[in-house]
Amino acid sequence: MDWTALLLSLQLSFWTMLVLLPVGIWMGRRLAWTQMRSKSLLEALVALPLVLPPTVLGFYLLVAMGAGSPVGRAWESLFGQQLTFSFSGLLVASVIFNLPFAIQPMQRAFESIAPEVREAGRCCGLSPWQILIRIELPLAWPGIVSALVLTFAHTLGEFGVVLMVGGSIPGETRTIAISIYDRVQAFDNQSAGLMSAVLLIISLAAISLSYFATARMTSRPPHA
Amino acid sequence: MREGLVLSLRQDRAIPLHADLHCAPGEVLALVGPSGSGKTTLLRSIAGLHQPAEGSIHCDAEPWFDSARKLNVPTQQRRIGMVFQSFALFPHLSALHNIAAAMLDVPVAERQQRARRWLERMHLQGLEQRLPQQLSGGQQQRVAVARALAREPKILLLDEPFSAVDRATREALYYELAELREELRMPVILVTHDLDEATLLADRMCILNRGTILQTDTPDQLLRAPASADVARLLGMRNLFTGTVREHGSDHTILEWQGQRLRIRKQERFAEGERVAWAVPSTGVLLVNVNSGNLLTLDNLVNVRVTRMLSLGEQYRVTLQAMNDQLTMNVPRHVAQRYAVTEGQTLEVRLRGDLVHLMPEAAAQA
């Protein structure tokens, strides 16, 4: 059992979730409520990681963040280390890869709030910030929880993108999914089996939580 | 600058607007028109939920919107009370907290107390902790009204507030609103497509069509003297025809309609020989007792054939064929029985000349 890899995966999942929480709320609200011409294009871009092979996405990220790229050079001059094959690089890749898992459920949650309810908030004198905290978030929370859980579980099981961008550096970029692959390659089926079981249990628990939250959201009657 | 709401708006794109209106403190002004007439857009402009292209909105001399000065005060700072058609209560908050949410500027303890007082005032005591979904339509509407008033608004805006409740509840709510309005010292704007509702509740009515205010007047004055055939049509007047002014007498005007001369109330603003649109309310069409014998002394007798009798409970709505036009009148059930009115029958009716109203003809064809 590779505890370091499990811990690394949990850390990556946690940070991905944390970064995507404000990003998802912001993008989800925008996509839910603004009627912009570019909306379909934006939605398609957000959904792209769902259909793109992880190796393809990983390849582009590797090129975009590599030492030869403007982003990679800027990162290196700022922080003195490479972006690719580091935990930070992995986090950036993970955030991008998880955009649809975070944004889509949040968008649906915000879409389910009747526009008049938000307008009523404005008519009651609530500031945009108060409307977000007192009206929108309490109404959208099941969708937000669901998005976070999906992101968390999905990051735990990420393989292709991680391998392309991070490689397999123990303690830095070797996640549990990669560790399982390594173990199988080394004919250590017992460790692979144990780690797979741990991943299975965590994922199942997370997904159950997500469905529970979604069920609560959909069981609420429509706004009168 | 006058007190209350003063508004003047112009807009050509998307939803056209061409509106000037004033609503005094304590006055109930109804915006009436078919769907798509712009009445809700007008209301949303007052609330700051829609930004019109041009014009200005002032409430108690305070500017809320002025396109010339590029001023558009956000909804939050306009101090309005708004009741939405769907009530738009916050679904996750109890009745009490829905009302308290409109008073966030008040200290917490006092906020709860005031919200409770509002609930009592709207006869909702005991329902403090209920969520909106656990309230009936009428109760939801009362919470929405309480929430709108709890802010102590400078103006109360009601967007078809009775359309989402059943008829019996609606009647009860009419009485409550009528009672409440005695105490309200702010302008009240009521959007509705229901003429009876507007007549019942409003001091004045604004008739809107395609974003343009056609006429603003008291309900009585509107029904007695619509400014144009369009207004008459929007007011649901069925007896709307065209004719020619023949002559003005000392106390009457002679109107020619389908070769027949009608003696009507004197309306000198139309020249002799001018084509006009004219209307008579269904109450101005009367059955004539043929047996009374002195038929010749009566004015404006019209020979008609009964084409349709529609039962409306206590009354019949009777459609009559008078030459090429159709007349409508309402006949109480017992009168219809006494006169033995039946479909296909030919009879004489009398048009009350004092209720015949003339309008410019051009508008009739618009």
# chains A, B, ... in the order shown; residues from 1 in each chain; ligands from 1
>>> residues_around(residues="Arg121 of chain B", least_positions_apart="2", cutoff="12 Å", atoms="only C-alpha atoms", output="ChimeraX atom specification")
/B:114-119,123-125,142-143,145-147,149-150,176-177,179-180
>>> interface_residues(of="chain A", to="chain B", cutoff="8 Å", atoms="only C-alpha atoms", output="PyMOL selection string")
chain A and resi 114+116-117+119-127+135+138-139+221+223-224
>>> atom_distance(atom1="atom CA of Ser77 of chain A", atom2="atom CA of Thr4 of chain A")
29.1 Å
>>> closest_residue(among="A:Leu156, A:Gly166, A:Ser94, A:Leu6", to="Leu62 of chain A", atoms="only C-alpha atoms")
A:Gly166
>>> residues_around(residues="Met164 of chain A", least_positions_apart="2", cutoff="12 Å", atoms="only C-alpha atoms", output="MDAnalysis selection string")
chainID A and resid 53:63 65:66 84:86 89:90 93:94 158:162 166:168 173:174 178
>>> residues_around(residues="Glu136 of chain A", least_positions_apart="6", cutoff="8 Å", atoms="only C-alpha atoms", output="JSON, numbers by chain")
{"A": [110, 113, 118]}
>>> residues_around(residues="His252 of chain B", least_positions_apart="2", cutoff="8 Å", atoms="only C-alpha atoms", output="ChimeraX atom specification")
/B:248-250,254,263-267
>>> write_last_selection(atoms="C-alpha atoms", output="PDB file, in the first residue's frame")
ATOM      1  CA  HIS B 248     -76.362  69.424 -34.340  1.00  0.00           C
ATOM      2  CA  GLY B 249     -79.590  70.531 -32.757  1.00  0.00           C
ATOM      3  CA  SER B 250     -80.029  72.756 -29.710  1.00  0.00           C
ATOM      4  CA  ILE B 254     -78.306  63.500 -35.197  1.00  0.00           C
ATOM      5  CA  ARG B 263     -80.877  61.248 -31.826  1.00  0.00           C
ATOM      6  CA  ILE B 264     -77.995  61.325 -29.372  1.00  0.00           C
ATOM      7  CA  ARG B 265     -76.261  63.443 -26.711  1.00  0.00           C
ATOM      8  CA  LYS B 266     -74.889  66.624 -28.239  1.00  0.00           C
ATOM      9  CA  GLN B 267     -71.251  66.211 -29.272  1.00  0.00           C
TER      10      GLN B 267
END
>>> residues_around(residues="Gln11 of chain B", least_positions_apart="5", cutoff="8 Å", atoms="only C-alpha atoms", output="JSON, numbers by chain")
{"B": [16, 17, 18, 52, 53, 54]}
>>> closest_residue(among="B:Leu42, B:Val32, B:Met122, B:Cys23", to="Leu235 of chain B", atoms="only C-alpha atoms")
B:Val32
>>> closest_residue(among="A:Ala32, A:Ile202, A:Ile176, A:Ala215", to="Ala109 of chain A", atoms="only C-alpha atoms")
A:Ala32
>>> select_by_dssp(residues="segment 53-178 of chain B", states="helix (DSSP H, G or I)", output="ChimeraX atom specification")
/B:67-69,75-77,95-103,108-121,132-134,137-150,167-178
>>> closest_residue(among="B:Leu190, B:Val304, B:Val73, B:Cys59", to="Thr40 of chain B", atoms="only C-alpha atoms")
B:Leu190
>>> closest_residue(among="A:Phe87, A:Val184, A:Ala197, A:Trp26", to="Gly171 of chain A", atoms="only C-alpha atoms")
A:Phe87
>>> residues_around(residues="Leu10 of chain A", least_positions_apart="4", cutoff="12 Å", atoms="only C-alpha atoms", output="ChimeraX atom specification")
/A:3-6,14-17,91,151-158,174-177,198-199,202-203
>>> select_by_dssp(residues="segment 118-292 of chain B", states="strand (DSSP E)", output="ChimeraX atom specification")
/B:155-159,188-192,204-209,212-217,240-248,252-257,260-265,275-279,285-287
>>> write_last_selection(atoms="C-alpha atoms", output="PDB file, in the first residue's frame")
ATOM      1  CA  ILE B 155     -44.201  53.177  -4.019  1.00  0.00           C
ATOM      2  CA  LEU B 156     -46.053  49.873  -4.159  1.00  0.00           C
ATOM      3  CA  LEU B 157     -45.869  47.924  -7.431  1.00  0.00           C
ATOM      4  CA  LEU B 158     -48.305  45.061  -8.024  1.00  0.00           C
ATOM      5  CA  ASP B 159     -47.725  42.854 -11.066  1.00  0.00           C
ATOM      6  CA  VAL B 188     -49.790  52.182  -5.897  1.00  0.00           C
ATOM      7  CA  ILE B 189     -49.344  50.868  -9.443  1.00  0.00           C
ATOM      8  CA  LEU B 190     -51.401  47.809 -10.311  1.00  0.00           C
ATOM      9  CA  VAL B 191     -50.737  45.886 -13.502  1.00  0.00           C
ATOM     10  CA  THR B 192     -53.663  43.799 -14.674  1.00  0.00           C
ATOM     11  CA  ARG B 204     -57.557  55.815 -12.392  1.00  0.00           C
ATOM     12  CA  MET B 205     -56.788  53.468 -15.247  1.00  0.00           C
ATOM     13  CA  CYS B 206     -54.119  53.688 -17.929  1.00  0.00           C
ATOM     14  CA  ILE B 207     -55.078  51.904 -21.122  1.00  0.00           C
ATOM     15  CA  LEU B 208     -51.997  50.553 -22.882  1.00  0.00           C
ATOM     16  CA  ASN B 209     -51.582  49.030 -26.287  1.00  0.00           C
ATOM     17  CA  THR B 212     -48.332  53.266 -25.822  1.00  0.00           C
ATOM     18  CA  ILE B 213     -50.627  54.817 -23.244  1.00  0.00           C
ATOM     19  CA  LEU B 214     -53.831  55.508 -25.168  1.00  0.00           C
ATOM     20  CA  GLN B 215     -55.842  57.090 -22.356  1.00  0.00           C
ATOM     21  CA  THR B 216     -55.617  57.657 -18.611  1.00  0.00           C
ATOM     22  CA  ASP B 217     -58.827  58.365 -16.730  1.00  0.00           C
ATOM     23  CA  LEU B 240     -68.769  49.750 -31.751  1.00  0.00           C
ATOM     24  CA  PHE B 241     -69.852  51.070 -35.153  1.00  0.00           C
ATOM     25  CA  THR B 242     -69.261  53.780 -37.723  1.00  0.00           C
ATOM     26  CA  GLY B 243     -71.722  56.454 -38.807  1.00  0.00           C
ATOM     27  CA  THR B 244     -72.027  60.028 -40.060  1.00  0.00           C
ATOM     28  CA  VAL B 245     -72.843  63.158 -38.076  1.00  0.00           C
ATOM     29  CA  ARG B 246     -75.843  64.759 -39.815  1.00  0.00           C
ATOM     30  CA  GLU B 247     -76.669  67.825 -37.757  1.00  0.00           C
ATOM     31  CA  HIS B 248     -76.362  69.424 -34.340  1.00  0.00           C
ATOM     32  CA  HIS B 252     -78.831  66.896 -29.416  1.00  0.00           C
ATOM     33  CA  THR B 253     -76.875  65.578 -32.371  1.00  0.00           C
ATOM     34  CA  ILE B 254     -78.306  63.500 -35.197  1.00  0.00           C
ATOM     35  CA  LEU B 255     -76.184  60.522 -36.155  1.00  0.00           C
ATOM     36  CA  GLU B 256     -76.872  58.534 -39.292  1.00  0.00           C
ATOM     37  CA  TRP B 257     -76.223  54.835 -38.992  1.00  0.00           C
ATOM     38  CA  GLN B 260     -81.277  55.345 -39.795  1.00  0.00           C
ATOM     39  CA  ARG B 261     -81.202  58.656 -37.885  1.00  0.00           C
ATOM     40  CA  LEU B 262     -80.271  58.379 -34.223  1.00  0.00           C
ATOM     41  CA  ARG B 263     -80.877  61.248 -31.826  1.00  0.00           C
ATOM     42  CA  ILE B 264     -77.995  61.325 -29.372  1.00  0.00           C
ATOM     43  CA  ARG B 265     -76.261  63.443 -26.711  1.00  0.00           C
ATOM     44  CA  ARG B 275     -67.631  60.145 -40.512  1.00  0.00           C
ATOM     45  CA  VAL B 276     -67.246  58.967 -36.916  1.00  0.00           C
ATOM     46  CA  ALA B 277     -66.857  55.847 -34.843  1.00  0.00           C
ATOM     47  CA  TRP B 278     -69.518  55.483 -32.179  1.00  0.00           C
ATOM     48  CA  ALA B 279     -70.150  53.244 -29.244  1.00  0.00           C
ATOM     49  CA  VAL B 285     -79.537  48.905 -25.509  1.00  0.00           C
ATOM     50  CA  LEU B 286     -83.045  48.402 -24.120  1.00  0.00           C
ATOM     51  CA  LEU B 287     -85.878  46.035 -24.866  1.00  0.00           C
TER      52      LEU B 287
END
